[in-house]
Structures are given as structure tokens and as C-alpha cells.
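Structure below is protein-v8.pdb: PDB, C-alpha atoms and all ligand atoms.
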ATOM      1  CA  MET A 130      55.011  92.473 128.006
ATOM      2  CA  PHE A 131      54.505  90.484 131.204
ATOM      3  CA  LYS A 132      51.502  90.542 133.497
ATOM      4  CA  TYR A 133      51.972  91.676 137.068
ATOM      5  CA  LYS A 134      50.035  92.665 140.125
ATOM      6  CA  THR A 135      51.170  95.119 142.760
ATOM      7  CA  VAL A 136      51.479  93.683 146.270
ATOM      8  CA  ASN A 137      52.782  95.789 149.167
ATOM      9  CA  GLY A 138      54.161  98.368 146.732
ATOM     10  CA  LYS A 139      56.107  95.830 144.677
ATOM     11  CA  LYS A 140      55.340  94.340 141.290
ATOM     12  CA  VAL A 141      54.934  90.559 141.269
ATOM     13  CA  TYR A 142      55.097  89.168 137.757
ATOM     14  CA  SER A 143      53.387  86.070 136.487
ATOM     15  CA  ILE A 144      55.556  84.325 133.921
ATOM     16  CA  ASP A 145      54.087  82.142 131.166
ATOM     17  CA  LYS A 146      54.794  78.452 131.618
ATOM     18  CA  ALA A 147      56.563  78.287 128.228
ATOM     19  CA  ILE A 148      58.988  81.015 129.311
ATOM     20  CA  CYS A 149      59.571  79.271 132.648
ATOM     21  CA  LEU A 150      60.382  76.064 130.801
ATOM     22  CA  GLU A 151      62.733  77.970 128.484
ATOM     23  CA  MET A 152      64.515  79.507 131.492
ATOM     24  CA  LEU A 153      64.888  76.126 133.194
ATOM     25  CA  ALA A 154      66.131  74.466 129.989
ATOM     26  CA  LEU A 155      68.654  77.262 129.430
ATOM     27  CA  ALA A 156      69.903  76.951 133.008
ATOM     28  CA  ASP A 157      70.397  73.206 132.455
ATOM     29  CA  GLU A 158      72.259  73.947 129.219
ATOM     30  CA  TYR A 159      74.654  76.282 131.030
ATOM     31  CA  LEU A 160      75.627  73.574 133.530
ATOM     32  CA  LYS A 161      78.207  72.613 130.882
ATOM     33  CA  ARG A 162      79.919  75.972 131.324
ATOM     34  CA  THR A 163      80.392  76.074 135.095
ATOM     35  CA  PHE A 164      83.981  76.712 136.112
ATOM     36  CA  PRO A 165      86.332  74.931 136.507
ATOM     37  CA  LYS A 166      84.272  71.767 136.052
ATOM     38  CA  PRO A 167      80.861  71.159 134.504
ATOM     39  CA  ASN A 168      77.794  70.401 136.608
ATOM     40  CA  GLY A 169      78.250  73.109 139.216
ATOM     41  CA  TYR A 170      75.319  75.498 139.409
ATOM     42  CA  ALA A 171      73.630  77.567 136.715
ATOM     43  CA  VAL A 172      70.611  79.870 136.748
ATOM     44  CA  VAL A 173      68.843  82.189 134.338
ATOM     45  CA  ALA A 174      67.549  85.650 135.259
ATOM     46  CA  LEU A 175      64.666  87.204 133.310
ATOM     47  CA  THR A 176      64.278  90.989 133.104
ATOM     48  CA  ASP A 177      61.168  93.089 132.536
ATOM     49  CA  LYS A 178      62.412  93.683 128.972
ATOM     50  CA  GLY A 179      62.148  89.938 128.345
ATOM     51  CA  ASN A 180      65.880  89.295 128.187
ATOM     52  CA  MET A 181      67.383  86.217 129.799
ATOM     53  CA  TYR A 182      70.806  86.331 131.418
ATOM     54  CA  PRO A 183      72.469  83.084 132.459
ATOM     55  CA  GLY A 184      74.839  82.883 135.369
ATOM     56  CA  ILE A 185      77.187  80.065 136.304
ATOM     57  CA  SER A 186      79.086  79.123 139.406
ATOM     58  CA  TYR A 187      82.761  80.070 139.232
ATOM     59  CA  CYS A 188      84.662  78.205 141.907
ATOM     60  CA  SER A 189      87.813  79.138 143.762
ATOM     61  CA  ASP A 190      90.073  76.769 145.667
ATOM     62  CA  THR A 191      89.548  79.064 148.654
ATOM     63  CA  PHE A 192      85.754  78.561 148.365
ATOM     64  CA  THR A 193      85.389  81.995 149.974
ATOM     65  CA  LEU A 194      86.060  83.552 146.586
ATOM     66  CA  THR A 195      83.609  81.290 144.789
ATOM     67  CA  MET A 196      80.953  83.187 142.848
ATOM     68  CA  HIS A 197      77.479  81.746 142.942
ATOM     69  CA  SER A 198      75.538  81.477 139.725
ATOM     70  CA  GLU A 199      72.871  83.938 140.947
ATOM     71  CA  ALA A 200      75.471  86.667 141.562
ATOM     72  CA  SER A 201      76.899  85.888 138.144
ATOM     73  CA  ALA A 202      73.452  86.196 136.499
ATOM     74  CA  LEU A 203      72.589  89.475 138.254
ATOM     75  CA  ASN A 204      76.021  90.812 137.324
ATOM     76  CA  HIS A 205      75.547  89.632 133.732
ATOM     77  CA  ALA A 206      72.241  91.523 133.513
ATOM     78  CA  ALA A 207      73.777  94.644 135.112
ATOM     79  CA  ILE A 208      76.624  94.605 132.574
ATOM     80  CA  HIS A 209      73.887  94.950 129.949
ATOM     81  CA  GLY A 210      72.273  97.807 131.875
ATOM     82  CA  GLU A 211      69.416  95.713 133.220
ATOM     83  CA  THR A 212      68.647  95.515 136.923
ATOM     84  CA  ARG A 213      64.888  94.923 136.814
ATOM     85  CA  ILE A 214      64.889  91.169 137.420
ATOM     86  CA  ILE A 215      61.363  89.775 137.340
ATOM     87  CA  ALA A 216      62.278  86.084 137.686
ATOM     88  CA  ILE A 217      65.246  83.821 138.280
ATOM     89  CA  THR A 218      65.503  80.067 138.293
ATOM     90  CA  GLY A 219      65.993  78.208 141.552
ATOM     91  CA  PRO A 220      66.297  76.710 144.031
ATOM     92  CA  ASN A 221      68.858  79.122 145.450
ATOM     93  CA  CYS A 222      71.106  79.038 148.494
ATOM     94  CA  HIS A 223      70.335  81.449 151.325
ATOM     95  CA  ILE A 224      73.192  83.794 150.444
ATOM     96  CA  CYS A 225      71.709  84.179 146.973
ATOM     97  CA  LYS A 226      68.185  84.605 148.324
ATOM     98  CA  GLN A 227      69.529  87.581 150.243
ATOM     99  CA  LEU A 228      71.164  88.995 147.100
ATOM    100  CA  ILE A 229      67.962  88.522 145.073
ATOM    101  CA  TYR A 230      65.937  90.083 147.877
ATOM    102  CA  GLU A 231      68.188  93.144 147.989
ATOM    103  CA  SER A 232      67.880  93.461 144.214
ATOM    104  CA  SER A 233      64.092  93.354 144.623
ATOM    105  CA  LEU A 234      64.199  96.168 147.197
ATOM    106  CA  ARG A 235      65.988  98.392 144.706
ATOM    107  CA  SER A 236      63.815  97.540 141.707
ATOM    108  CA  LYS A 237      60.527  97.347 143.652
ATOM    109  CA  ILE A 238      59.939  94.089 141.801
ATOM    110  CA  ASP A 239      59.261  91.034 143.961
ATOM    111  CA  THR A 240      61.408  88.693 141.853
ATOM    112  CA  VAL A 241      59.805  85.295 141.447
ATOM    113  CA  ILE A 242      61.880  82.157 141.858
ATOM    114  CA  VAL A 243      61.005  79.707 139.076
ATOM    115  CA  LEU A 244      61.235  76.124 140.275
ATOM    116  CA  LYS A 245      60.399  72.754 138.870
ATOM    117  CA  GLU A 246      58.843  70.572 141.540
ATOM    118  CA  LYS A 247      58.163  67.106 140.191
ATOM    119  CA  ASP A 248      56.191  67.904 137.020
ATOM    120  CA  ARG A 249      54.929  71.289 138.179
ATOM    121  CA  ILE A 250      56.384  74.736 137.609
ATOM    122  CA  LYS A 251      56.219  76.933 140.691
ATOM    123  CA  GLN A 252      56.709  80.692 140.875
ATOM    124  CA  VAL A 253      57.574  81.828 144.377
ATOM    125  CA  PRO A 254      58.078  85.537 145.165
ATOM    126  CA  ILE A 255      61.404  86.122 146.920
ATOM    127  CA  SER A 256      59.659  88.094 149.681
ATOM    128  CA  SER A 257      57.792  84.959 150.748
ATOM    129  CA  LEU A 258      61.131  83.214 151.322
ATOM    130  CA  MET A 259      62.453  85.963 153.598
ATOM    131  CA  LEU A 260      60.746  85.459 156.944
ATOM    132  CA  TYR A 261      62.678  88.124 158.836
ATOM    133  CA  PRO A 262      64.073  90.225 156.000
ATOM    134  CA  TRP A 263      66.998  92.537 156.366
ATOM    135  CA  PRO A 264      67.450  95.347 155.468
ATOM    136  CA  GLU A 265      64.064  97.073 155.352
ATOM    137  CA  LYS A 266      65.247  99.332 152.543
ATOM    138  CA  PRO A 267      68.368  99.483 150.393
ATOM    139  CA  ARG A 268      71.392 100.632 152.424
ATOM    140  CA  ILE A 269      73.604 101.549 149.469
TER
HETATM  141 ZN    ZN B   1      74.154  80.818 146.149
END

Please rewrite the model in this file as C-alpha cells.
Amino acid sequence: MFKYKTVNGKKVYSIDKAICLEMLALADEYLKRTFPKPNGYAVVALTDKGNMYPGISYCSDTFTLTMHSEASALNHAAIHGETRIIAITGPNCHICKQLIYESSLRSKIDTVIVLKEKDRIKQVPISSLMLYPWPEKPRI
């Protein structure tokens, strides 16, 4: 369904621009649903089956308990039995980069971060954002 190349034992997908734009538009749409107020953070994860799973930030007054939109999106996909995330919208905080990276270790898919930079769509593999990655392989 999607084109990929294998780099260092991981699949790196190339996502059509139209799908990237759809993901980014959907993420913007879900900004209305962030909790408890709109305009928090929202992302969309794309799986190798072509399904898109939005995630929204869900804030706690403690902040420590706040769920980031990326965790929410990965959880949303997992609830539907999908853990092969080929792309997710960004930019993402460093905590979420770590979570996406760990997901990529398990799936052997180098998840691409889909970003809009000025008028250009960029697709950046998560591995390229992890200069000194940890762990080397999934621990659990
Ligand atoms: Zn985050």
C-alpha cells in the first residue's frame, strides 16, 4: 500500500504528499478536542494498514499526569490492534520522540515524522532525530 525502503534493518516509508496533508489537516481539526481546553496539542498516527489515529493532549493540574498527544495516538492505534506506525505528525517534544523511537524498535519501522515547514512537507525518520539512542533494543 505504501512504498518503503529498508535502511539498517528497518522499513522507512515514503508517504504521498496528499496523505501527509490529510494527516496534518486532521491533526489541526483535533485541536478542538484537546482536554480540558482547546488548542493544546494534537497529532495523527498513520499505520501500515493505512489507518489514521488521532491523539490529543489530556492535561492534568499536576502536569506530571498530563498525557501527550503522541502517547494518546499510539495508545489509540494499539486499542485497535495496530502498532505498526509508519508516520506521525510533528513536531514532537523529546519525551514523545523517545516513545516513538521505542515503538519503532519494536515494529522495525523507522516511523517518519511528518512536518510542515513553511510551504514544504518534510518526512523525517525518527532514527535521525535520536543522536545517542537508548535503548539499543526493546527492553520490555
Ligand atoms: Zn510530547

Enumerate, as a ChimeraX atom specification, the residues matched when the PyMOL selection byres (((not hetatm)) within 6 of (chain B and resi 1)) is run on the file above.
-> /A:197,221-222,224-225

Quick one: which residues end up in the PyMOL selection byres (((chain A and resi 243) around 8) and not hetatm) for this structure, as a PDB file with C-alpha atoms, keeping the file's coordinate frame?
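And here is the file that came out, part.pdb:
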ATOM      1  CA  CYS A 149      59.571  79.271 132.648  1.00  0.00           C
ATOM      2  CA  LEU A 153      64.888  76.126 133.194  1.00  0.00           C
ATOM      3  CA  ALA A 216      62.278  86.084 137.686  1.00  0.00           C
ATOM      4  CA  ILE A 217      65.246  83.821 138.280  1.00  0.00           C
ATOM      5  CA  THR A 218      65.503  80.067 138.293  1.00  0.00           C
ATOM      6  CA  GLY A 219      65.993  78.208 141.552  1.00  0.00           C
ATOM      7  CA  PRO A 220      66.297  76.710 144.031  1.00  0.00           C
ATOM      8  CA  VAL A 241      59.805  85.295 141.447  1.00  0.00           C
ATOM      9  CA  ILE A 242      61.880  82.157 141.858  1.00  0.00           C
ATOM     10  CA  LEU A 244      61.235  76.124 140.275  1.00  0.00           C
ATOM     11  CA  LYS A 245      60.399  72.754 138.870  1.00  0.00           C
ATOM     12  CA  ILE A 250      56.384  74.736 137.609  1.00  0.00           C
ATOM     13  CA  LYS A 251      56.219  76.933 140.691  1.00  0.00           C
ATOM     14  CA  GLN A 252      56.709  80.692 140.875  1.00  0.00           C
ATOM     15  CA  VAL A 253      57.574  81.828 144.377  1.00  0.00           C
TER      16      VAL A 253
END

If you take every atom of region 142-160 of chain A that the file lists and fit an axis-aligned box around them with 6 Å extra on each side, what centre and edge lengths come out in Å to one decimal, as lines of an AutoDock Vina configuration file?
center_x = 64.5
center_y = 81.2
center_z = 133.0
size_x = 34.2
size_y = 28.0
size_z = 21.5

What residues come out when you apply the PyMOL selection byres (((chain A and resi 267) around 9) and not hetatm) to this file, written as a ChimeraX atom specification?
-> /A:231-232,234-235,264-266,268-269

If we count all atoms listed in the file and set the cut-off at 12 Å, which residues sit around Ala207 (chain A), ignoring sequence neighbours fewer than 5 positions away in its own chain? Please answer as a CSV table (one decimal) with C-alpha atoms, in the coordinates of the input.
chain,number,residue,atom,x,y,z
A,174,ALA,CA,67.5,85.6,135.3
A,175,LEU,CA,64.7,87.2,133.3
A,176,THR,CA,64.3,91.0,133.1
A,180,ASN,CA,65.9,89.3,128.2
A,181,MET,CA,67.4,86.2,129.8
A,182,TYR,CA,70.8,86.3,131.4
A,183,PRO,CA,72.5,83.1,132.5
A,184,GLY,CA,74.8,82.9,135.4
A,200,ALA,CA,75.5,86.7,141.6
A,201,SER,CA,76.9,85.9,138.1
A,202,ALA,CA,73.5,86.2,136.5
A,212,THR,CA,68.6,95.5,136.9
A,213,ARG,CA,64.9,94.9,136.8
A,214,ILE,CA,64.9,91.2,137.4
A,232,SER,CA,67.9,93.5,144.2

Pick the closest to Phe164 (chain A) from A:Val141, A:Cys188, A:Ala147, A:Leu228: which is it, counting all atoms listed in the file?
->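 Distance minimum relative to Phe164 (chain A) lands on A:Cys188.
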
Could you tell me which of A:Leu260, A:Ile144, A:Met196, A:Leu150 comes closest to Pro165 (chain A) if we count only C-alpha atoms?
->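 Selected residue with least distance to Pro165 (chain A): A:Met196.
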